[in-house]
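K.L.:
Could you have a look at this structure, given as structure tokens, before my questions?
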Amino acid sequence: MTYKNFTLETDADGIALITWDMPGKSMNVIDMSVMDELDALVDAVVADAAIKGAVITSGKPAFTGGADLTMLGGLLKGYHKDRTKDPEGAARALLDGSRRLSLIYRKLETCGKPFVAAINGTCMGGGTELALACHARVGVEDDSFKMGLPEVKVGLFPGAGGTQRVMRMTDGQAGMQFLLQGQTLRAAKAKAMKLIDETAPAKKLVDTAKKLIKTGVDPVKPWDKKGFKLPNGPIYSPAGFQFWPAANAIYRRETCDNYPGARYLLQSVYEGLQLPMDLALQVESRYFAHVLQTPEAAAMIRSLFVSMQELNKLARRPADQRPNKIRKIGILGAGFMGAGIAYVTAQAGINVVLIDRDQEAADKGKAHSDQLMAKAIQRGRATEAEKEKLLARIDATADYDRLADCDLVIEAVFEDREVKRVVTEKAEAVMKPRAIYASNTSTLPITSLAEASKRPKNFIGIHFFSPVDKMMLVEVIVGRKTSDRALAMALDYIKAIRKTPIVVNDSRGFYTSRVVMTYIREGLMMLADGVPAAMIENAGKMAGMPVGPLSLGDEVALDLAWKIVSATRKDLGVAYVEGPLDNILEEMVVKRERFGRKNGKGFYDYAGRDKALWPGIVEVVGKPKPADAFNVEEIKQRLLVMQALETARIFEENCLTDVREADVGSILGFGFAPYTGGTLSYIDRMGTAAFVDLCRKFTRKWGPRFKPNRLLREMAKANESFYGRFPPAGEVKARDAA
Ligand code: NAD
């Protein structure tokens, strides 16, 4: 038989080498054809008496990225189509379809001949489950080895035996963390957890795997033999009684029960570990079929897998622009942000000129890369040579002339128009005429900053988030005169540094900063309403936000919020309506100098890494009402509705133009409750009419800031959703956009 996705060669010792190498794809993924062929390959190995065992490896740099999630989407579509006509048949078809891979892996595991996985690089999801079903695993010992089961991150859990095999192979606590957090393991950690047996250099990987078969790999798994014991002992044992209540508590603390994927994972492990393997896999499959049907999984797959992939592939790049090769970039300002941008750029192999006011300040910015690399070396993630190579790419200087051959210059000096104007002029005086100039401003409109430029067509916003090395999102801001060429350059650069871009039109605060401010503001308004501070903070986390609004206010800095409020007051003059927000911020910032984390006191008191709510909040806002005067569900909703409503307004104003960008941007940019799929998916799931009703209810109860905008009212009337009315568009044109 010939295979489309695999090759099968048997050597003189009777060891088959199965090489997975899908034609026309840069990465192996598990789709229907791969499942068919894997099934047939197991049969072929078993049927051929000359074959003693088989090694499975990949012909690509990575082993596999895992299952093709669009295949699951197809299964679900079929289920929803048939379930009213034939509910039982539809449910069975969904279960059968979603457990097919699990059954193939079990067949491999029990086929009687040894299979060894030779994992030559990234191995994710269904690929890790394939490796675990094999009878032994060898991992490449260099940095390209990454092993993970990231399914929980898209609202699912590993449904092809992953939950059952991991927990039968490794220590319970480490295994549970690996599964619940969707961690990625390096080779050393995977070996310490016994999830791989050996490591080998890339060149010797397959030979090492073959050698294992020659020296004897047991084709019968320990759990298929009599007397098998779980690594941590049975669930109903003194150790189990210590482990499981704690696991349940940690699950609740980490997820606030918002993620059915994590809940079903825990149930699947708990029930499965009490059963023999075949039944355990059946339990896992049933929960997997359940989780597939949850709206959380659908929303997360759409935003965090499909849309994110499309944005990463630059779905919004103007198609008529030639690709840019970026060799060197300049960064103005080697402060907190500039230093981070220099690091991620050098990490992508691009040379950097890092400029500050004097050599000392520039060197300080470069030292940030030194520190990050030192940490990476300590954790075994980088070598001394890599550090030296990266540092050699960063030219720290105060000399603007070095910008002469940069393709792109990113400005990250103080958030001050005049300072920004001066550096723009200085840089443009030496830059190549075709080079692009970008500002990392967080709030100042790009069109107005471009007034300082002689080449406003080449002027664009590239807004990073802090800490730059960790945050995956970059917001690109198109000014009124920004050209398609500038947009293409910005997007090509973001792709090169492996971050996810969204493209927005110019306005004060753009998308992310504007919505974040509404979340913080709502927290302050709640304080003014008499909601206890701890209740506000917990409700924020229970709603799915990474931190409460008061905590976020402290991180962003309260004096900055006060500056913004004061500037708005000045701009609006008599039209400005003073509210409780002004009083709280004035009391905190002007009277008590509580600026937030940066000076160790805000709504929290900070002592090193520890923080506790400041008891003096009552002096600023008065004694809170009793907690049971408020409905916690309503508080959670207020916090999410306010952000979603602001997003809808930004969409109506044409600052945001793509539903995917609104959703992905909200999750990656400010951690908007990921289980919802993002700000606009949150509205769509509730239904626009119900959302508008809720806004109206909140307007009556809490004030006019909840008034639904025209677009939402129109959509509610016409019974439209965001994804229905605005199906994701393709490329964007800077000229059309602005
Ligand atoms: P920062 O104060 O840490 O750094 C600013 C740096 O610019 C300093 O090192 C300063 O010496 C340098 N600088 C000032 N004038 C200069 C000049 N004339 N020539 C060269 N260098 C000069 O500030 P930051 O937090 O890094 O913010 C920089 C920019 O990034 C601001 O526009 C800010 O709004 C934006 N931003 C900040 C964040 C954040 O979280 N801090 C996030 C996104 C965007």
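Simple scheme: letters A, B, ... for chains in structure tokens order, numbers from 1 for residues in each chain, numbers from 1 for ligands in the order shown.
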I'd like the neighbourhood of His290 in chain A as a list in words, where a residue qualifies if any of its atoms comes within 10 Å (using only C-alpha atoms), though same-chain residues fewer than 5 positions away should be ignored.
P.N.:
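Answer for this query is Ala91, Leu94, Leu95, Leu156, Pro260, Gly261, Tyr264, Glu284 and Ser285 of chain A.
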K.L.:
If you count only C-alpha atoms and all ligand atoms, which residues end up within 6 Å of ligand 1, as number ranges by chain?
P.N.:
A: 332-338, 355-357, 412-415, 419, 423, 440-442, 463-466
K.L.:
Residues as selected, N, CA and C atoms, written as a PDB file, in the first residue's frame, can you do that?
P.N.:
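Below you can see out-v3.pdb, which holds the result:
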```pdb
ATOM      1  N   LEU A 332      13.893  54.329  19.419  1.00  0.00           N
ATOM      2  CA  LEU A 332      14.196  55.587  20.111  1.00  0.00           C
ATOM      3  C   LEU A 332      13.632  55.500  21.519  1.00  0.00           C
ATOM      4  N   GLY A 333      14.493  55.597  22.510  1.00  0.00           N
ATOM      5  CA  GLY A 333      14.050  55.456  23.898  1.00  0.00           C
ATOM      6  C   GLY A 333      14.347  54.046  24.368  1.00  0.00           C
ATOM      7  N   ALA A 334      15.331  53.930  25.276  1.00  0.00           N
ATOM      8  CA  ALA A 334      15.724  52.593  25.759  1.00  0.00           C
ATOM      9  C   ALA A 334      15.168  52.359  27.155  1.00  0.00           C
ATOM     10  N   GLY A 335      13.960  52.912  27.400  1.00  0.00           N
ATOM     11  CA  GLY A 335      13.337  52.753  28.724  1.00  0.00           C
ATOM     12  C   GLY A 335      12.659  51.403  28.841  1.00  0.00           C
ATOM     13  N   PHE A 336      11.633  51.379  29.664  1.00  0.00           N
ATOM     14  CA  PHE A 336      10.909  50.154  29.958  1.00  0.00           C
ATOM     15  C   PHE A 336      10.453  49.437  28.680  1.00  0.00           C
ATOM     16  N   MET A 337       9.789  50.183  27.778  1.00  0.00           N
ATOM     17  CA  MET A 337       9.256  49.563  26.569  1.00  0.00           C
ATOM     18  C   MET A 337      10.331  49.373  25.494  1.00  0.00           C
ATOM     19  N   GLY A 338      11.133  50.418  25.267  1.00  0.00           N
ATOM     20  CA  GLY A 338      12.167  50.348  24.231  1.00  0.00           C
ATOM     21  C   GLY A 338      13.104  49.170  24.460  1.00  0.00           C
ATOM     22  N   ILE A 355      18.563  53.651  20.815  1.00  0.00           N
ATOM     23  CA  ILE A 355      19.021  55.026  21.103  1.00  0.00           C
ATOM     24  C   ILE A 355      18.353  55.596  22.347  1.00  0.00           C
ATOM     25  N   ASP A 356      19.131  56.249  23.187  1.00  0.00           N
ATOM     26  CA  ASP A 356      18.550  57.043  24.281  1.00  0.00           C
ATOM     27  C   ASP A 356      19.298  58.361  24.357  1.00  0.00           C
ATOM     28  N   ARG A 357      18.981  59.135  25.416  1.00  0.00           N
ATOM     29  CA  ARG A 357      19.549  60.489  25.463  1.00  0.00           C
ATOM     30  C   ARG A 357      21.060  60.480  25.650  1.00  0.00           C
ATOM     31  N   ALA A 412       9.852  55.049  21.284  1.00  0.00           N
ATOM     32  CA  ALA A 412       9.276  54.686  22.597  1.00  0.00           C
ATOM     33  C   ALA A 412       9.848  55.619  23.665  1.00  0.00           C
ATOM     34  N   VAL A 413       9.811  56.932  23.369  1.00  0.00           N
ATOM     35  CA  VAL A 413      10.270  57.900  24.382  1.00  0.00           C
ATOM     36  C   VAL A 413       9.082  58.283  25.263  1.00  0.00           C
ATOM     37  N   PHE A 414       9.274  59.261  26.155  1.00  0.00           N
ATOM     38  CA  PHE A 414       8.208  59.638  27.089  1.00  0.00           C
ATOM     39  C   PHE A 414       6.904  59.955  26.357  1.00  0.00           C
ATOM     40  N   GLU A 415       5.793  59.719  27.059  1.00  0.00           N
ATOM     41  CA  GLU A 415       4.474  60.019  26.473  1.00  0.00           C
ATOM     42  C   GLU A 415       4.248  61.537  26.534  1.00  0.00           C
ATOM     43  N   VAL A 419       8.397  66.010  23.321  1.00  0.00           N
ATOM     44  CA  VAL A 419       9.561  65.108  23.251  1.00  0.00           C
ATOM     45  C   VAL A 419       9.450  64.251  21.994  1.00  0.00           C
ATOM     46  N   VAL A 423      12.184  64.077  18.692  1.00  0.00           N
ATOM     47  CA  VAL A 423      12.896  62.861  18.239  1.00  0.00           C
ATOM     48  C   VAL A 423      12.460  62.451  16.828  1.00  0.00           C
ATOM     49  N   ASN A 440       5.200  54.075  19.511  1.00  0.00           N
ATOM     50  CA  ASN A 440       4.638  53.093  20.438  1.00  0.00           C
ATOM     51  C   ASN A 440       3.722  53.778  21.458  1.00  0.00           C
ATOM     52  N   THR A 441       3.251  54.974  21.134  1.00  0.00           N
ATOM     53  CA  THR A 441       2.397  55.699  22.080  1.00  0.00           C
ATOM     54  C   THR A 441       1.214  54.839  22.528  1.00  0.00           C
ATOM     55  N   SER A 442       0.803  55.004  23.799  1.00  0.00           N
ATOM     56  CA  SER A 442      -0.363  54.213  24.216  1.00  0.00           C
ATOM     57  C   SER A 442      -1.663  54.989  24.048  1.00  0.00           C
ATOM     58  N   HIS A 463       1.835  49.589  18.652  1.00  0.00           N
ATOM     59  CA  HIS A 463       1.620  49.670  20.101  1.00  0.00           C
ATOM     60  C   HIS A 463       1.864  48.306  20.761  1.00  0.00           C
ATOM     61  N   PHE A 464       2.946  48.238  21.521  1.00  0.00           N
ATOM     62  CA  PHE A 464       3.286  47.003  22.245  1.00  0.00           C
ATOM     63  C   PHE A 464       2.626  47.015  23.624  1.00  0.00           C
ATOM     64  N   PHE A 465       2.595  45.859  24.243  1.00  0.00           N
ATOM     65  CA  PHE A 465       2.049  45.741  25.602  1.00  0.00           C
ATOM     66  C   PHE A 465       3.172  45.306  26.530  1.00  0.00           C
ATOM     67  N   SER A 466       3.019  45.632  27.787  1.00  0.00           N
ATOM     68  CA  SER A 466       4.102  45.264  28.701  1.00  0.00           C
ATOM     69  C   SER A 466       3.707  44.057  29.560  1.00  0.00           C
TER      70      SER A 466
END
```
K.L.:
Please list as a VMD selection string every residue within 12 Å of range 203-214 of chain A, counting only C-alpha atoms and excluding residues in the same chain fewer than 4 positions away.
P.N.:
chain A and resid 10 to 19 51 to 59 113 to 121 134 to 142 145 196 to 199 218 to 219
K.L.:
Based on the selection just made, write N, CA and C atoms of those residues as a compact mmCIF listing (two decimals), in the first residue's frame.
P.N.:
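Output (out_34.txt):
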```
# COMPACT_ATOMS: atom_id res chain seq x y z
N THR A 10 11.33 -0.71 5.78
CA THR A 10 11.77 -1.68 6.78
C THR A 10 13.25 -2.00 6.54
N ASP A 11 14.05 -1.96 7.61
CA ASP A 11 15.49 -2.20 7.42
C ASP A 11 15.82 -3.69 7.57
N ALA A 12 17.11 -4.00 7.43
CA ALA A 12 17.53 -5.40 7.43
C ALA A 12 17.26 -6.09 8.76
N ASP A 13 17.17 -5.29 9.84
CA ASP A 13 16.89 -5.88 11.16
C ASP A 13 15.40 -6.09 11.40
N GLY A 14 14.59 -5.74 10.41
CA GLY A 14 13.14 -5.93 10.57
C GLY A 14 12.49 -4.81 11.36
N ILE A 15 13.13 -3.64 11.36
CA ILE A 15 12.51 -2.50 12.06
C ILE A 15 11.98 -1.52 11.03
N ALA A 16 10.68 -1.24 11.16
CA ALA A 16 10.04 -0.35 10.20
C ALA A 16 10.24 1.09 10.64
N LEU A 17 10.54 1.95 9.67
CA LEU A 17 10.62 3.39 9.96
C LEU A 17 9.44 4.06 9.26
N ILE A 18 8.53 4.60 10.09
CA ILE A 18 7.37 5.31 9.55
C ILE A 18 7.67 6.81 9.64
N THR A 19 7.76 7.45 8.49
CA THR A 19 8.07 8.89 8.50
C THR A 19 6.84 9.67 8.05
N ILE A 51 8.36 -7.71 10.12
CA ILE A 51 8.55 -6.49 10.93
C ILE A 51 8.49 -6.84 12.41
N LYS A 52 9.56 -6.44 13.14
CA LYS A 52 9.60 -6.73 14.58
C LYS A 52 8.99 -5.59 15.39
N GLY A 53 9.14 -4.39 14.89
CA GLY A 53 8.63 -3.22 15.59
C GLY A 53 8.77 -2.02 14.69
N ALA A 54 8.23 -0.87 15.14
CA ALA A 54 8.26 0.31 14.26
C ALA A 54 8.65 1.57 15.02
N VAL A 55 9.38 2.43 14.29
CA VAL A 55 9.72 3.75 14.82
C VAL A 55 8.88 4.76 14.04
N ILE A 56 8.24 5.70 14.77
CA ILE A 56 7.49 6.76 14.08
C ILE A 56 8.22 8.07 14.27
N THR A 57 8.52 8.74 13.17
CA THR A 57 9.16 10.05 13.27
C THR A 57 8.53 10.98 12.23
N SER A 58 9.08 12.18 12.12
CA SER A 58 8.52 13.15 11.19
C SER A 58 9.58 13.58 10.19
N GLY A 59 9.16 13.85 8.96
CA GLY A 59 10.08 14.32 7.94
C GLY A 59 10.19 15.84 7.92
N LYS A 113 3.13 -5.53 18.84
CA LYS A 113 4.49 -5.19 18.41
C LYS A 113 4.87 -3.83 18.98
N PRO A 114 6.16 -3.65 19.28
CA PRO A 114 6.54 -2.37 19.89
C PRO A 114 6.62 -1.22 18.88
N PHE A 115 6.07 -0.08 19.26
CA PHE A 115 6.19 1.16 18.51
C PHE A 115 6.99 2.15 19.36
N VAL A 116 7.96 2.84 18.74
CA VAL A 116 8.71 3.85 19.47
C VAL A 116 8.60 5.18 18.72
N ALA A 117 8.25 6.25 19.46
CA ALA A 117 8.16 7.57 18.83
C ALA A 117 9.53 8.23 18.90
N ALA A 118 10.00 8.72 17.75
CA ALA A 118 11.25 9.49 17.71
C ALA A 118 10.84 10.95 17.48
N ILE A 119 10.78 11.70 18.59
CA ILE A 119 10.18 13.05 18.54
C ILE A 119 11.28 14.06 18.20
N ASN A 120 11.23 14.54 16.97
CA ASN A 120 12.34 15.35 16.45
C ASN A 120 12.15 16.85 16.63
N GLY A 121 11.04 17.27 17.25
CA GLY A 121 10.81 18.71 17.42
C GLY A 121 9.48 18.91 18.12
N CYS A 134 2.58 5.05 22.08
CA CYS A 134 3.70 4.19 21.69
C CYS A 134 4.29 3.53 22.94
N HIS A 135 5.17 2.55 22.71
CA HIS A 135 5.69 1.78 23.85
C HIS A 135 6.95 2.38 24.44
N ALA A 136 7.54 3.34 23.72
CA ALA A 136 8.67 4.11 24.26
C ALA A 136 8.80 5.37 23.43
N ARG A 137 9.51 6.38 23.98
CA ARG A 137 9.67 7.66 23.31
C ARG A 137 11.09 8.16 23.46
N VAL A 138 11.66 8.62 22.34
CA VAL A 138 12.97 9.27 22.38
C VAL A 138 12.76 10.70 21.90
N GLY A 139 13.29 11.66 22.65
CA GLY A 139 13.13 13.07 22.27
C GLY A 139 14.45 13.66 21.83
N VAL A 140 14.39 14.55 20.83
CA VAL A 140 15.62 15.22 20.42
C VAL A 140 16.08 16.11 21.58
N GLU A 141 17.39 16.11 21.84
CA GLU A 141 17.81 16.74 23.10
C GLU A 141 18.06 18.25 22.97
N ASP A 142 17.86 18.80 21.76
CA ASP A 142 18.11 20.24 21.65
C ASP A 142 16.84 21.05 21.91
N PHE A 145 12.87 20.60 20.87
CA PHE A 145 11.91 19.70 21.51
C PHE A 145 10.92 20.49 22.35
N ILE A 196 8.99 10.90 28.42
CA ILE A 196 9.86 10.32 27.40
C ILE A 196 10.92 9.47 28.12
N ASP A 197 11.48 8.51 27.38
CA ASP A 197 12.41 7.58 28.04
C ASP A 197 13.86 8.00 27.86
N GLU A 198 14.15 8.56 26.66
CA GLU A 198 15.54 8.90 26.37
C GLU A 198 15.60 10.17 25.56
N THR A 199 16.78 10.80 25.56
CA THR A 199 17.01 11.91 24.63
C THR A 199 18.22 11.56 23.77
N ASP A 218 9.04 -3.55 25.75
CA ASP A 218 7.88 -4.39 26.07
C ASP A 218 6.65 -3.89 25.30
N PRO A 219 6.06 -4.71 24.45
CA PRO A 219 4.89 -4.25 23.70
C PRO A 219 3.59 -4.27 24.53
```
K.L.:
In Å, with one decimal, what is the gap from CA of Asp96 in chain A to CA of Trp223 in chain A?
P.N.:
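Interatomic distance here is 24.2 Å.
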K.L.:
With distances taken over only C-alpha atoms, which residue among A:Glu587, A:Glu593, A:Glu653, A:Asp554 lies nearest Val618 in chain A?
P.N.:
A:Glu587
K.L.:
With distances taken over only C-alpha atoms, which residue among A:Leu550, A:Leu527, A:Leu711, A:Ala187 lies nearest Arg381 in chain A?
P.N.:
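So, comparing all the options, the nearest one is A:Ala187.
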K.L.:
Write out as an NGL selection string all residues of range 413-504 of chain A that DSSP puts in strand (DSSP E or B) for this structure's backbone.
P.N.:
:A and (436-439 or 459-463 or 473-478 or 500-504)
K.L.:
Output N, CA, C and O atoms of each residue in that selection to a file, as a compact mmCIF listing (two decimals), in the first residue's frame.
P.N.:
```txt
# COMPACT_ATOMS: atom_id res chain seq x y z
N ILE A 436 10.27 53.35 7.36
CA ILE A 436 8.99 53.61 8.04
C ILE A 436 9.26 54.03 9.49
O ILE A 436 10.18 53.51 10.14
N TYR A 437 8.44 54.96 9.99
CA TYR A 437 8.60 55.47 11.35
C TYR A 437 7.34 55.10 12.13
O TYR A 437 6.21 55.37 11.69
N ALA A 438 7.53 54.49 13.30
CA ALA A 438 6.36 54.06 14.09
C ALA A 438 6.46 54.60 15.51
O ALA A 438 7.54 54.71 16.06
N SER A 439 5.30 54.94 16.07
CA SER A 439 5.29 55.37 17.47
C SER A 439 4.63 54.28 18.31
O SER A 439 3.63 53.68 17.91
N PHE A 459 4.34 57.12 8.38
CA PHE A 459 4.16 57.20 9.84
C PHE A 459 3.01 56.29 10.27
O PHE A 459 1.93 56.32 9.72
N ILE A 460 3.26 55.49 11.30
CA ILE A 460 2.25 54.50 11.74
C ILE A 460 2.38 54.28 13.25
O ILE A 460 3.40 54.67 13.85
N GLY A 461 1.39 53.69 13.86
CA GLY A 461 1.49 53.33 15.29
C GLY A 461 1.75 51.84 15.43
O GLY A 461 1.11 51.02 14.76
N ILE A 462 2.74 51.48 16.24
CA ILE A 462 2.95 50.06 16.59
C ILE A 462 2.95 50.00 18.11
O ILE A 462 3.92 50.38 18.75
N HIS A 463 1.83 49.59 18.65
CA HIS A 463 1.62 49.67 20.10
C HIS A 463 1.86 48.31 20.76
O HIS A 463 1.09 47.37 20.58
N LEU A 473 0.27 40.25 21.89
CA LEU A 473 -0.46 41.14 20.97
C LEU A 473 0.34 42.39 20.64
O LEU A 473 1.07 42.91 21.48
N VAL A 474 0.18 42.88 19.40
CA VAL A 474 0.68 44.20 19.02
C VAL A 474 -0.45 44.90 18.25
O VAL A 474 -1.04 44.32 17.34
N GLU A 475 -0.76 46.12 18.67
CA GLU A 475 -1.85 46.87 18.05
C GLU A 475 -1.25 47.86 17.04
O GLU A 475 -0.44 48.72 17.42
N VAL A 476 -1.63 47.70 15.79
CA VAL A 476 -1.10 48.61 14.76
C VAL A 476 -2.13 49.70 14.52
O VAL A 476 -3.32 49.40 14.34
N ILE A 477 -1.69 50.96 14.54
CA ILE A 477 -2.64 52.05 14.38
C ILE A 477 -2.37 52.79 13.09
O ILE A 477 -1.27 53.26 12.84
N VAL A 478 -3.43 52.86 12.27
CA VAL A 478 -3.33 53.50 10.97
C VAL A 478 -3.80 54.94 11.09
O VAL A 478 -4.95 55.19 11.46
N THR A 500 1.15 38.57 17.49
CA THR A 500 -0.12 38.62 16.78
C THR A 500 -0.55 40.07 16.59
O THR A 500 -0.69 40.79 17.57
N PRO A 501 -0.75 40.50 15.34
CA PRO A 501 -1.14 41.89 15.13
C PRO A 501 -2.65 42.09 15.01
O PRO A 501 -3.36 41.22 14.49
N ILE A 502 -3.13 43.24 15.48
CA ILE A 502 -4.46 43.69 15.07
C ILE A 502 -4.27 45.09 14.48
O ILE A 502 -3.34 45.80 14.86
N VAL A 503 -5.13 45.43 13.53
CA VAL A 503 -4.99 46.73 12.86
C VAL A 503 -6.21 47.58 13.22
O VAL A 503 -7.34 47.17 12.98
N VAL A 504 -5.97 48.75 13.81
CA VAL A 504 -7.10 49.61 14.17
C VAL A 504 -6.89 51.01 13.59
O VAL A 504 -5.77 51.40 13.27
```
K.L.:
From range 100-254 of chain A, collect each residue whose DSSP state is helix (DSSP H, G or I) and return the set as an MDAnalysis selection string.
P.N.:
chainID A and resid 100:109 126:133 150:154 162:169 172:181 187:192 202:215 222:224 238:254
K.L.:
Got a sec: who's within 12 Å of range 382-385 of chain A, counting only C-alpha atoms, leaving out chain neighbours fewer than 2 positions off, as a list in words?
P.N.:
Asp142, Asp143, Ser144, Arg186, Gln347, Asp370, Leu372, Met373, Ala374, Lys375, Ala376, Ile377, Gln378, Arg379, Gly380, Lys387, Glu388, Lys389, Leu390, Leu391 and Ala392 of chain A
K.L.:
Could you give me, as a PyMOL selection string, the residues within 8 Å of Tyr493 in chain A, counting only C-alpha atoms and dropping anything in the same chain fewer than 4 positions from it?
P.N.:
chain A and resi 326+489+497
K.L.:
Please dump the current selection as an mmCIF file, in the first residue's frame; keep C-alpha atoms.
P.N.:
```cif
data_model
loop_
_atom_site.group_PDB
_atom_site.id
_atom_site.type_symbol
_atom_site.label_atom_id
_atom_site.label_comp_id
_atom_site.auth_asym_id
_atom_site.auth_seq_id
_atom_site.Cartn_x
_atom_site.Cartn_y
_atom_site.Cartn_z
ATOM 1 C CA ILE A 326 13.690 43.707 7.605
ATOM 2 C CA MET A 489 6.033 46.949 6.872
ATOM 3 C CA ILE A 497 9.001 38.818 15.879
#
```
